[in-house]
Number of protein chains: 2
Amino acid sequence: MSYSEETGRLLEAAGATEGAMVVLEAAGRSYRGRLMPHHEFSGPDIVILKMKSGYNVGIRVDGSSRIAVEEQPSEAARREEDVQSKEGLPTLSLIGTGGTIASYVDYRTGAVHPALSTSDMVNAIPEIREVANIRAKVLFSIFSENMGPEHWQKLAECVRDEIESGADGVIIPHGTDTMGYTAAVLSFMLPDVPKPVVLVGAQRSSDRPSSDASTNLMACARFCTESGKAGVFVIMHDTQGDDSFAVHTGTRVRKMHTSRRDAFRSINAPVAAHVDASGKVEVLEDLRDSSDAPVRVEPAMEDGVLLLQYYPGMDPEAFRPLIMSSKGVVFAGSGLGHVNSSFVPMLREACAKGIVVAMTSQCLNGRVNMNVYDTGRDLLAAGVVPLLDMLPETAYIKLRWALANTSSPEEARKVMVTPLAGEMGDRREF
Amino acid sequence: MSYSEETGRLLEAAGATEGAMVVLEAAGRSYRGRLMPHHEFSGPDIVILKMKSGYNVGIRVDGSSRIAVEEQPSEAARREEDVQSKEGLPTLSLIGTGGTIASYVDYRTGAVHPALSTSDMVNAIPEIREVANIRAKVLFSIFSENMGPEHWQKLAECVRDEIESGADGVIIPHGTDTMGYTAAVLSFMLPDVPKPVVLVGAQRSSDRPSSDASTNLMACARFCTESGKAGVFVIMHDTQGDDSFAVHTGTRVRKMHTSRRDAFRSINAPVAAHVDASGKVEVLEDLRDSSDAPVRVEPAMEDGVLLLQYYPGMDPEAFRPLIMSSKGVVFAGSGLGHVNSSFVPMLREACAKGIVVAMTSQCLNGRVNMNVYDTGRDLLAAGVVPLLDMLPETAYIKLRWALANTSSPEEARKVMVTPLAGEMGDRREF
């Protein structure tokens with residue numbers, strides 16, 4: 001995202017390039033600081049300065065604002081610092097994909113373009129160097145709602161490459177919008193991954209004092225270096241405070257709030273581990289140990305799979321062309337796994353044609369049980385696959401993966417009801 | 001739902017009709033009780049007897065089971081008891097629609113067919129007579145996933161008729177699967193309804209000691225007779241215990257668990273009132289007072305409205321025919337209200353054509369804010385209507401109603417962003 005035309009002109013006229021030390025006068029006040037890159041979180045008329053205090057401040061400018069450059073950014077300031085590896089520390093790889101958290105790192109360093117380099121990381125969170133040697137790369141720089149299968153495959157392969165070239169853990173800063181989906185993707189594409197692979201985001205940009213970017217990243221580093229466990233996880237704030245971080249199983253996590261720092265929640269499964277503010281890691285569940293086993297990647301994903309929420313008044317005829325031309329459908333049914341009985345004949349036809357139709361619940365919590373009521377039994381008889389306590393979003397990802405990695409719908413149906421990555425099976429009392 | 005062929009034959013051979021006193025021998029034990037109607041919750045080989053204790057027991061029968069009739073049901077036992085009105089007590093109407101809770105009432109009375117009569121209610125929950133005179137009717141007897149627009153309209157008109165003929169409150173036992181949707185429907189179809197209209201369900205059938213049917217119903221009666229408030233609400237258990245009942249605003253409530261008694265939750269709004277185990281009613285929010293104002297019904301509902309959850313990999317071209325032939329679409333977008341940017345051109349085209357496209361969040365909690373990121377701004381520019389903190393399910397119902405009760409898409413869009421029944425507008429800090 002870019003500045004408004006007016007604000008862009010104001011900066012250009014002053015010769016203020018990113019990284020420059022400037023004095024900005026706006027709304028009767030004067031600010032002195034380094035010009036930061038414009039941030040996707042900020043409005044088109046917000047100019048962000050890194051103040052002497054180290055804080056970033058967003059300042060709204062208008063036609064009456066003035067800006068003067070005190071010092072242009074030196075080439076040296078832009079050059080990647082040479083960070084020396086410390087012997088004896090584990091190595092963590094950071095793979096940037098975009099989102100608020102990537103822009104954050106950007107901010108603190110004054111880098112001219114969004115980039116997540118080693119020195120960026122070290123500058124932003126110096127304490128991370130105490131626990132690990134960090135190497136970082138930017139794989140994508142996109143909004144997470146634009147992540148798709150092609151990104152998922154590249155990301156899985158990148159994780160493999162990083163682990164094969166010596167990373168003891170992989171941290172993936174990611175936009176929060178679809179982070180849960182990507183976590184499920186990696187859980188299936190990287191079966192029994194031998195190292196910790198952690199997705200992490202930020203709900204608040206770093207120009208707000210409440211930003212969770214650096215604390216979340218630090219919690220990832222702690223978990224990767226201290227737990228000794230492997231698997232695909234999401235780490236985010238566990239509470240609205242700064243003192244607790246939840247490590248979620250990648251197939252069980254869902255964004256349950258648009259803006260709160262503790263938006264990510266494990267559904268139908270306990271949190272896998274906790275990290276506290278002091279960096280203490282507590283593993284709460286029976287997780288796989290980290291190892292030096294080879295990394296398998298199974299990146300194939302089938303197209304033509306649908307995720308549909310059932311709702312009363314949903315018209316089977318309107319959805320018929322979509323469903324009948326698909327390769328698979330995951331329903332988020334009502335209650336224990338129901339749709340209107342008028343859907344039954346079409347779904348029977350779809351199943352007979354080799355379309356895999358699977359059932360989850362829009363309640364999210366709890367488990368599908370299609371043996372209780374007539375409608376459920378009719379759906380089972382039609383060939384619909386009940387997915388117990390699997391999240392609808394995880395089921396959608398798994399079905400795409402299952403269809404691509406099997407040779408028949410029948411085989412894919414079997415894969416769907418076989419737990420592969422902690423995605424199903426009650427671990428709680430209901 | 002019916003018995004299995006084998007069990008049906010066993011009962012028929014013994015001449016055991018519902019309401020008969022029977023002795024049943026199964027799995028080495030002998031049971032004596034009155035034969036209850038078969039229940040949708042029970043398996044096809046479960047026979048339910050009402051024991052002397054008053055409890056219903058489900059007994060699994062097989063080929064080795066035996067049954068003998070001691071006494072056929074008398075006509076008198078089936079006859080509706082003549083319940084006298086008590087002067088000075090308010091009048092409550094019960095409108096049965098089906099679901100677990102209706103079967104419950106059925107159970108306890110030994111009625112031969114599912115029926116919710118005055119004497120049924122009184123027999124099941126005698127204490128209800130202490131707080132109100134009850135009149136009851138069965139409007140439907142269906143699974144709630146099969147509720148649709150034609151049922152909603154009849155129900156709204158029935159509520160009006162009951163209030164106009166003197167009911168001080170209306171209680172609607174309803175299947176829980178789609179109770180949240182029906183609550184939203186009545187909230188819009190009955191604008192400013194002058195009496196309390198309460199939907200209530202049961203998550204556990206009454207042949208389990210943990211049944212919540214009678215306690216939920218009693219809480220409804222208390223709220224209707226003691227709060228002095230009006231509006232459309234859902235009342236269900238607030239906790240897994242027996243001691244607290246939540247009164248949810250009809251437009252803000254969602255079934256968030258497949259089976260727990262406290263499955264219903266207010267989202268983005270506080271609970272409107274509480275009822276405790278002793279029947280004490282505490283009104284927590286600023287609710288409208290009950291009055292004798294006339295009842296308006298606006299029952300029109302437009303067809304051709306879609307509710308679609310966005311997911312990464314969702315193919316705009318696959319959804320194009322469905323969307324372009326609709327009259328309105330509610331998206332449950334990701335995060336603050338996003339879809340993949342590849343959807344933007346089609347949605348622009350849809351909006352230009354007069355299709356109302358509205359945005360909610362699949363996070364459920366929190367509010368849509370489409371001004372923060374590029375994708376959101378592009379969607380706004382395309383004409384997509386942001387619905388703040390409205391639930392996707394409520395938005396779908398409201399859009400059907402808004403399209404039917406306005407004369408242009410432009411007018412419907414305005415209705416969508418105007419709070420009418422507590423369905424939008426932050427009442428919590430985010």
# chains A, B, ... in the order shown; residues from 1 in each chain; ligands from 1

call {"tool": "interface_residues", "arguments": {"of": "chain A", "to": "chain B", "cutoff": "7 Å", "atoms": "only C-alpha atoms", "output": "PyMOL selection string"}}
result
chain A and resi 1+40-42+145-149+177-178+255-260+308-309+312-313+318+322+334-336+338-341+363-367+372-374+430

call {"tool": "write_last_selection", "arguments": {"atoms": "N, CA and C atoms", "output": "mmCIF file, in the first residue's frame"}}
result
data_model
loop_
_atom_site.group_PDB
_atom_site.id
_atom_site.type_symbol
_atom_site.label_atom_id
_atom_site.label_comp_id
_atom_site.auth_asym_id
_atom_site.auth_seq_id
_atom_site.Cartn_x
_atom_site.Cartn_y
_atom_site.Cartn_z
ATOM 1 N N MET A 1 0.830 -1.198 0.000
ATOM 2 C CA MET A 1 0.000 0.000 0.000
ATOM 3 C C MET A 1 0.864 1.247 0.000
ATOM 4 N N GLU A 40 1.508 -1.258 5.826
ATOM 5 C CA GLU A 40 0.185 -1.668 5.356
ATOM 6 C C GLU A 40 -0.907 -1.391 6.386
ATOM 7 N N PHE A 41 -0.502 -1.284 7.641
ATOM 8 C CA PHE A 41 -1.480 -1.014 8.697
ATOM 9 C C PHE A 41 -1.860 0.468 8.760
ATOM 10 N N SER A 42 -1.051 1.300 8.188
ATOM 11 C CA SER A 42 -1.247 2.732 8.373
ATOM 12 C C SER A 42 -2.047 3.326 7.228
ATOM 13 N N GLU A 145 -4.250 -13.318 2.725
ATOM 14 C CA GLU A 145 -5.460 -13.778 2.025
ATOM 15 C C GLU A 145 -5.157 -14.132 0.578
ATOM 16 N N ASN A 146 -3.984 -13.730 0.100
ATOM 17 C CA ASN A 146 -3.594 -14.071 -1.266
ATOM 18 C C ASN A 146 -2.689 -15.299 -1.350
ATOM 19 N N MET A 147 -2.418 -15.928 -0.226
ATOM 20 C CA MET A 147 -1.661 -17.179 -0.242
ATOM 21 C C MET A 147 -2.498 -18.244 -0.949
ATOM 22 N N GLY A 148 -1.850 -19.047 -1.748
ATOM 23 C CA GLY A 148 -2.568 -20.120 -2.441
ATOM 24 C C GLY A 148 -1.670 -21.332 -2.592
ATOM 25 N N PRO A 149 -2.170 -22.351 -3.267
ATOM 26 C CA PRO A 149 -1.443 -23.625 -3.387
ATOM 27 C C PRO A 149 -0.008 -23.463 -3.882
ATOM 28 N N ASP A 177 -4.313 -13.752 8.680
ATOM 29 C CA ASP A 177 -5.624 -14.069 8.089
ATOM 30 C C ASP A 177 -5.768 -15.543 7.746
ATOM 31 N N THR A 178 -4.768 -16.097 7.121
ATOM 32 C CA THR A 178 -4.879 -17.490 6.668
ATOM 33 C C THR A 178 -3.773 -18.349 7.259
ATOM 34 N N LYS A 255 -8.070 -18.855 13.821
ATOM 35 C CA LYS A 255 -8.132 -17.444 14.203
ATOM 36 C C LYS A 255 -9.558 -17.145 14.638
ATOM 37 N N MET A 256 -9.738 -16.822 15.911
ATOM 38 C CA MET A 256 -11.075 -16.676 16.482
ATOM 39 C C MET A 256 -11.391 -15.233 16.861
ATOM 40 N N HIS A 257 -10.560 -14.305 16.459
ATOM 41 C CA HIS A 257 -10.869 -12.889 16.699
ATOM 42 C C HIS A 257 -10.191 -12.078 15.611
ATOM 43 N N THR A 258 -10.864 -11.016 15.174
ATOM 44 C CA THR A 258 -10.296 -10.238 14.075
ATOM 45 C C THR A 258 -9.069 -9.446 14.495
ATOM 46 N N SER A 259 -8.957 -9.076 15.780
ATOM 47 C CA SER A 259 -7.902 -8.132 16.138
ATOM 48 C C SER A 259 -7.176 -8.422 17.447
ATOM 49 N N ARG A 260 -7.711 -9.215 18.322
ATOM 50 C CA ARG A 260 -7.044 -9.415 19.607
ATOM 51 C C ARG A 260 -5.736 -10.171 19.451
ATOM 52 N N LEU A 308 -17.881 -25.597 2.170
ATOM 53 C CA LEU A 308 -19.203 -24.961 2.164
ATOM 54 C C LEU A 308 -19.849 -25.040 3.540
ATOM 55 N N GLN A 309 -20.288 -23.911 4.040
ATOM 56 C CA GLN A 309 -21.053 -23.907 5.281
ATOM 57 C C GLN A 309 -22.519 -24.124 4.951
ATOM 58 N N PRO A 312 -29.696 -22.813 6.753
ATOM 59 C CA PRO A 312 -31.084 -23.082 6.384
ATOM 60 C C PRO A 312 -31.481 -22.190 5.220
ATOM 61 N N GLY A 313 -32.140 -22.768 4.248
ATOM 62 C CA GLY A 313 -32.494 -22.027 3.049
ATOM 63 C C GLY A 313 -31.454 -22.197 1.944
ATOM 64 N N ALA A 318 -29.204 -24.682 -6.596
ATOM 65 C CA ALA A 318 -28.268 -23.599 -6.922
ATOM 66 C C ALA A 318 -26.820 -24.068 -6.793
ATOM 67 N N LEU A 322 -21.859 -26.438 -9.019
ATOM 68 C CA LEU A 322 -20.593 -26.273 -8.301
ATOM 69 C C LEU A 322 -20.152 -27.591 -7.678
ATOM 70 N N SER A 334 -24.582 -28.279 10.215
ATOM 71 C CA SER A 334 -25.119 -27.762 11.484
ATOM 72 C C SER A 334 -24.991 -28.856 12.545
ATOM 73 N N GLY A 335 -24.888 -28.426 13.797
ATOM 74 C CA GLY A 335 -24.903 -29.354 14.928
ATOM 75 C C GLY A 335 -23.963 -30.533 14.774
ATOM 76 N N LEU A 336 -24.493 -31.715 14.919
ATOM 77 C CA LEU A 336 -23.686 -32.939 14.902
ATOM 78 C C LEU A 336 -23.248 -33.347 13.498
ATOM 79 N N HIS A 338 -25.176 -31.997 10.093
ATOM 80 C CA HIS A 338 -26.397 -32.122 9.314
ATOM 81 C C HIS A 338 -26.474 -31.081 8.216
ATOM 82 N N VAL A 339 -27.215 -31.422 7.177
ATOM 83 C CA VAL A 339 -27.654 -30.445 6.186
ATOM 84 C C VAL A 339 -29.133 -30.747 5.960
ATOM 85 N N ASN A 340 -29.819 -29.838 5.306
ATOM 86 C CA ASN A 340 -31.220 -30.065 5.001
ATOM 87 C C ASN A 340 -31.360 -31.372 4.220
ATOM 88 N N SER A 341 -32.415 -32.129 4.533
ATOM 89 C CA SER A 341 -32.550 -33.452 3.904
ATOM 90 C C SER A 341 -32.725 -33.345 2.390
ATOM 91 N N CYS A 363 -20.284 -25.657 14.343
ATOM 92 C CA CYS A 363 -20.126 -25.315 15.766
ATOM 93 C C CYS A 363 -18.643 -25.184 16.112
ATOM 94 N N LEU A 364 -17.788 -25.782 15.315
ATOM 95 C CA LEU A 364 -16.333 -25.805 15.485
ATOM 96 C C LEU A 364 -15.933 -26.668 16.676
ATOM 97 N N ASN A 365 -16.483 -26.399 17.852
ATOM 98 C CA ASN A 365 -16.164 -27.191 19.029
ATOM 99 C C ASN A 365 -17.059 -28.431 19.085
ATOM 100 N N GLY A 366 -16.471 -29.515 19.562
ATOM 101 C CA GLY A 366 -17.233 -30.751 19.644
ATOM 102 C C GLY A 366 -16.973 -31.627 18.438
ATOM 103 N N ARG A 367 -17.750 -32.680 18.309
ATOM 104 C CA ARG A 367 -17.485 -33.607 17.221
ATOM 105 C C ARG A 367 -18.754 -33.983 16.483
ATOM 106 N N VAL A 372 -26.844 -40.147 15.269
ATOM 107 C CA VAL A 372 -27.873 -39.812 16.251
ATOM 108 C C VAL A 372 -29.230 -39.552 15.598
ATOM 109 N N TYR A 373 -29.220 -38.815 14.508
ATOM 110 C CA TYR A 373 -30.485 -38.405 13.894
ATOM 111 C C TYR A 373 -30.640 -38.983 12.497
ATOM 112 N N ASP A 374 -31.883 -39.005 12.048
ATOM 113 C CA ASP A 374 -32.192 -39.522 10.704
ATOM 114 C C ASP A 374 -31.347 -38.877 9.618
ATOM 115 N N PHE A 430 -15.942 -34.581 26.158
ATOM 116 C CA PHE A 430 -17.061 -33.736 25.701
ATOM 117 C C PHE A 430 -18.292 -34.025 26.537
#

call {"tool": "residues_around", "arguments": {"residues": "Asn216 in chain B", "least_positions_apart": "6", "cutoff": "10 Å", "atoms": "only C-alpha atoms", "output": "list in words"}}
result
Ile101, Pro173, Val200, Gly201, Ala202, Arg222, Ile235, Met236, His237, Asp242, Ser244, Phe245, Ala246, Arg261 and Val275 of chain B

call {"tool": "write_last_selection", "arguments": {"atoms": "C-alpha atoms", "output": "compact mmCIF listing (two decimals), in the first residue's frame"}}
result
# COMPACT_ATOMS: atom_id res chain seq x y z
CA ILE B 101 -36.81 -30.62 23.56
CA PRO B 173 -39.00 -25.05 21.90
CA VAL B 200 -35.20 -22.76 23.78
CA GLY B 201 -33.71 -26.15 23.05
CA ALA B 202 -32.19 -29.15 24.73
CA ARG B 222 -39.05 -17.23 34.78
CA ILE B 235 -32.24 -19.20 26.64
CA MET B 236 -29.94 -22.14 27.29
CA HIS B 237 -27.56 -23.35 29.96
CA ASP B 242 -27.48 -26.86 36.39
CA SER B 244 -27.11 -20.81 35.50
CA PHE B 245 -29.02 -19.90 32.35
CA ALA B 246 -28.00 -17.31 29.81
CA ARG B 261 -25.28 -28.00 27.38
CA VAL B 275 -31.52 -16.76 35.34

call {"tool": "residues_around", "arguments": {"residues": "Ala381 in chain B", "least_positions_apart": "2", "cutoff": "12 Å", "atoms": "only C-alpha atoms", "output": "list in words"}}
result
Val344, Pro345, Leu347, Arg348, Glu349, Cys351, Ala352, Met370, Asn371, Asp374, Thr375, Gly376, Arg377, Asp378, Leu379, Gly383, Val384, Val385 and Pro386 of chain B

call {"tool": "closest_residue", "arguments": {"among": "B:Ala132, B:Ile267, B:Val415, B:Ile142", "to": "Leu92 in chain B", "atoms": "only C-alpha atoms"}}
result
B:Ala132

call {"tool": "residues_around", "arguments": {"residues": "range 164-170 of chain B", "least_positions_apart": "5", "cutoff": "10 Å", "atoms": "only C-alpha atoms", "output": "ChimeraX atom specification"}}
result
/B:89-95,132-136,158-159,194-199,220-221,223-225,228-232,290-295

call {"tool": "write_last_selection", "arguments": {"atoms": "N, CA and C atoms", "output": "mmCIF file, in the first residue's frame"}}
result
data_model
loop_
_atom_site.group_PDB
_atom_site.id
_atom_site.type_symbol
_atom_site.label_atom_id
_atom_site.label_comp_id
_atom_site.auth_asym_id
_atom_site.auth_seq_id
_atom_site.Cartn_x
_atom_site.Cartn_y
_atom_site.Cartn_z
ATOM 1 N N LEU B 89 -52.114 -14.902 37.424
ATOM 2 C CA LEU B 89 -50.828 -15.311 36.831
ATOM 3 C C LEU B 89 -50.759 -14.854 35.369
ATOM 4 N N PRO B 90 -49.550 -14.524 34.911
ATOM 5 C CA PRO B 90 -49.418 -14.192 33.483
ATOM 6 C C PRO B 90 -49.650 -15.428 32.615
ATOM 7 N N THR B 91 -49.899 -15.184 31.356
ATOM 8 C CA THR B 91 -50.136 -16.273 30.412
ATOM 9 C C THR B 91 -48.938 -16.423 29.477
ATOM 10 N N LEU B 92 -48.442 -17.635 29.359
ATOM 11 C CA LEU B 92 -47.351 -17.903 28.414
ATOM 12 C C LEU B 92 -47.837 -18.875 27.347
ATOM 13 N N SER B 93 -47.432 -18.592 26.115
ATOM 14 C CA SER B 93 -47.728 -19.510 25.016
ATOM 15 C C SER B 93 -46.491 -20.323 24.679
ATOM 16 N N LEU B 94 -46.685 -21.604 24.500
ATOM 17 C CA LEU B 94 -45.601 -22.454 23.995
ATOM 18 C C LEU B 94 -45.932 -22.860 22.573
ATOM 19 N N ILE B 95 -44.978 -22.623 21.667
ATOM 20 C CA ILE B 95 -45.186 -23.016 20.270
ATOM 21 C C ILE B 95 -44.137 -24.065 19.918
ATOM 22 N N ALA B 132 -47.053 -19.284 35.885
ATOM 23 C CA ALA B 132 -47.814 -18.828 34.713
ATOM 24 C C ALA B 132 -48.912 -19.811 34.357
ATOM 25 N N ASN B 133 -49.931 -19.272 33.704
ATOM 26 C CA ASN B 133 -50.876 -20.134 33.002
ATOM 27 C C ASN B 133 -50.283 -20.401 31.623
ATOM 28 N N ILE B 134 -50.300 -21.669 31.253
ATOM 29 C CA ILE B 134 -49.605 -22.067 30.026
ATOM 30 C C ILE B 134 -50.635 -22.504 28.992
ATOM 31 N N ARG B 135 -50.454 -22.012 27.784
ATOM 32 C CA ARG B 135 -51.201 -22.629 26.675
ATOM 33 C C ARG B 135 -50.183 -23.014 25.611
ATOM 34 N N ALA B 136 -50.465 -24.096 24.942
ATOM 35 C CA ALA B 136 -49.425 -24.636 24.065
ATOM 36 C C ALA B 136 -50.029 -25.182 22.791
ATOM 37 N N CYS B 158 -47.571 -17.000 13.919
ATOM 38 C CA CYS B 158 -48.113 -17.677 15.099
ATOM 39 C C CYS B 158 -47.766 -16.901 16.375
ATOM 40 N N VAL B 159 -46.540 -16.384 16.431
ATOM 41 C CA VAL B 159 -46.141 -15.583 17.592
ATOM 42 C C VAL B 159 -47.056 -14.358 17.709
ATOM 43 N N PRO B 194 -43.511 -6.532 21.263
ATOM 44 C CA PRO B 194 -43.764 -5.922 22.580
ATOM 45 C C PRO B 194 -43.692 -6.883 23.764
ATOM 46 N N LYS B 195 -43.467 -8.162 23.521
ATOM 47 C CA LYS B 195 -43.391 -9.152 24.607
ATOM 48 C C LYS B 195 -42.114 -9.977 24.461
ATOM 49 N N PRO B 196 -41.717 -10.688 25.493
ATOM 50 C CA PRO B 196 -40.562 -11.580 25.342
ATOM 51 C C PRO B 196 -40.918 -12.799 24.481
ATOM 52 N N VAL B 197 -40.070 -13.070 23.505
ATOM 53 C CA VAL B 197 -40.229 -14.240 22.626
ATOM 54 C C VAL B 197 -38.933 -15.037 22.762
ATOM 55 N N VAL B 198 -39.017 -16.215 23.325
ATOM 56 C CA VAL B 198 -37.805 -16.940 23.715
ATOM 57 C C VAL B 198 -37.722 -18.290 23.017
ATOM 58 N N LEU B 199 -36.634 -18.505 22.297
ATOM 59 C CA LEU B 199 -36.375 -19.835 21.739
ATOM 60 C C LEU B 199 -35.570 -20.643 22.741
ATOM 61 N N CYS B 220 -36.938 -20.164 30.953
ATOM 62 C CA CYS B 220 -37.696 -19.324 30.009
ATOM 63 C C CYS B 220 -38.935 -18.744 30.687
ATOM 64 N N ALA B 221 -39.645 -19.610 31.404
ATOM 65 C CA ALA B 221 -40.868 -19.151 32.071
ATOM 66 C C ALA B 221 -40.545 -18.051 33.075
ATOM 67 N N PHE B 223 -37.932 -16.005 33.041
ATOM 68 C CA PHE B 223 -37.541 -14.772 32.353
ATOM 69 C C PHE B 223 -38.767 -14.063 31.795
ATOM 70 N N CYS B 224 -39.677 -14.808 31.192
ATOM 71 C CA CYS B 224 -40.860 -14.193 30.574
ATOM 72 C C CYS B 224 -41.771 -13.554 31.616
ATOM 73 N N THR B 225 -41.864 -14.157 32.787
ATOM 74 C CA THR B 225 -42.819 -13.636 33.768
ATOM 75 C C THR B 225 -42.193 -12.597 34.695
ATOM 76 N N GLY B 228 -39.975 -8.475 32.795
ATOM 77 C CA GLY B 228 -40.683 -7.291 32.311
ATOM 78 C C GLY B 228 -40.110 -6.745 31.015
ATOM 79 N N LYS B 229 -39.283 -7.564 30.337
ATOM 80 C CA LYS B 229 -38.600 -7.095 29.120
ATOM 81 C C LYS B 229 -39.184 -7.750 27.871
ATOM 82 N N ALA B 230 -38.920 -7.113 26.738
ATOM 83 C CA ALA B 230 -39.423 -7.608 25.462
ATOM 84 C C ALA B 230 -38.275 -7.793 24.485
ATOM 85 N N GLY B 231 -38.492 -8.618 23.482
ATOM 86 C CA GLY B 231 -37.466 -8.863 22.465
ATOM 87 C C GLY B 231 -37.427 -10.333 22.120
ATOM 88 N N VAL B 232 -36.538 -10.686 21.183
ATOM 89 C CA VAL B 232 -36.367 -12.086 20.799
ATOM 90 C C VAL B 232 -35.063 -12.589 21.413
ATOM 91 N N SER B 290 -41.393 -4.615 28.214
ATOM 92 C CA SER B 290 -42.593 -5.257 27.695
ATOM 93 C C SER B 290 -43.725 -4.231 27.674
ATOM 94 N N SER B 291 -44.620 -4.331 26.693
ATOM 95 C CA SER B 291 -45.715 -3.354 26.588
ATOM 96 C C SER B 291 -46.917 -3.994 25.897
ATOM 97 N N ASP B 292 -47.965 -3.207 25.743
ATOM 98 C CA ASP B 292 -49.149 -3.710 25.045
ATOM 99 C C ASP B 292 -49.249 -3.128 23.639
ATOM 100 N N ALA B 293 -48.134 -2.672 23.125
ATOM 101 C CA ALA B 293 -48.112 -2.131 21.762
ATOM 102 C C ALA B 293 -48.562 -3.215 20.777
ATOM 103 N N PRO B 294 -49.062 -2.801 19.620
ATOM 104 C CA PRO B 294 -49.457 -3.799 18.613
ATOM 105 C C PRO B 294 -48.238 -4.561 18.075
ATOM 106 N N VAL B 295 -48.495 -5.747 17.570
ATOM 107 C CA VAL B 295 -47.421 -6.591 17.038
ATOM 108 C C VAL B 295 -47.355 -6.407 15.522
#

call {"tool": "residues_around", "arguments": {"residues": "Leu35 in chain B", "least_positions_apart": "4", "cutoff": "9 Å", "atoms": "only C-alpha atoms", "output": "JSON, numbers by chain"}}
result
{"B": [16, 17, 18, 19, 20, 21, 22, 47, 48, 49, 50, 110]}

call {"tool": "select_by_dssp", "arguments": {"residues": "range 7-37 of chain B", "states": "alpha helix (DSSP H)", "output": "PDB file with N, CA and C atoms, in the first residue's frame"}}
result
ATOM      1  N   THR B   7     -37.169 -55.112  16.176  1.00  0.00           N
ATOM      2  CA  THR B   7     -37.737 -54.569  17.403  1.00  0.00           C
ATOM      3  C   THR B   7     -39.207 -54.214  17.190  1.00  0.00           C
ATOM      4  N   GLY B   8     -39.507 -53.686  16.013  1.00  0.00           N
ATOM      5  CA  GLY B   8     -40.897 -53.373  15.685  1.00  0.00           C
ATOM      6  C   GLY B   8     -41.763 -54.628  15.770  1.00  0.00           C
ATOM      7  N   ARG B   9     -41.231 -55.735  15.222  1.00  0.00           N
ATOM      8  CA  ARG B   9     -41.990 -56.995  15.251  1.00  0.00           C
ATOM      9  C   ARG B   9     -42.205 -57.494  16.674  1.00  0.00           C
ATOM     10  N   LEU B  10     -41.140 -57.367  17.497  1.00  0.00           N
ATOM     11  CA  LEU B  10     -41.215 -57.815  18.894  1.00  0.00           C
ATOM     12  C   LEU B  10     -42.346 -57.098  19.632  1.00  0.00           C
ATOM     13  N   LEU B  11     -42.414 -55.783  19.440  1.00  0.00           N
ATOM     14  CA  LEU B  11     -43.429 -54.984  20.121  1.00  0.00           C
ATOM     15  C   LEU B  11     -44.820 -55.314  19.576  1.00  0.00           C
ATOM     16  N   GLU B  12     -44.904 -55.475  18.273  1.00  0.00           N
ATOM     17  CA  GLU B  12     -46.190 -55.729  17.647  1.00  0.00           C
ATOM     18  C   GLU B  12     -46.753 -57.077  18.092  1.00  0.00           C
ATOM     19  N   ALA B  13     -45.850 -58.064  18.128  1.00  0.00           N
ATOM     20  CA  ALA B  13     -46.279 -59.415  18.517  1.00  0.00           C
ATOM     21  C   ALA B  13     -46.840 -59.418  19.937  1.00  0.00           C
ATOM     22  N   ALA B  14     -46.269 -58.577  20.797  1.00  0.00           N
ATOM     23  CA  ALA B  14     -46.721 -58.537  22.185  1.00  0.00           C
ATOM     24  C   ALA B  14     -47.971 -57.669  22.321  1.00  0.00           C
TER      25      ALA B  14
END

call {"tool": "residues_around", "arguments": {"residues": "Ala269 in chain B", "least_positions_apart": "3", "cutoff": "12 Å", "atoms": "only C-alpha atoms", "output": "number ranges by chain"}}
result
B: 247-254, 265-266, 272-273, 284-285, 364-367, 389-391, 422-430

call {"tool": "atom_distance", "arguments": {"atom1": "CA of Ser407 in chain B", "atom2": "CA of Glu317 in chain A"}}
result
26.3 Å

call {"tool": "atom_distance", "arguments": {"atom1": "CA of Leu217 in chain B", "atom2": "CA of Ile128 in chain B"}}
result
8.7 Å

call {"tool": "atom_distance", "arguments": {"atom1": "CA of Leu387 in chain B", "atom2": "CA of Thr360 in chain B"}}
result
5.7 Å
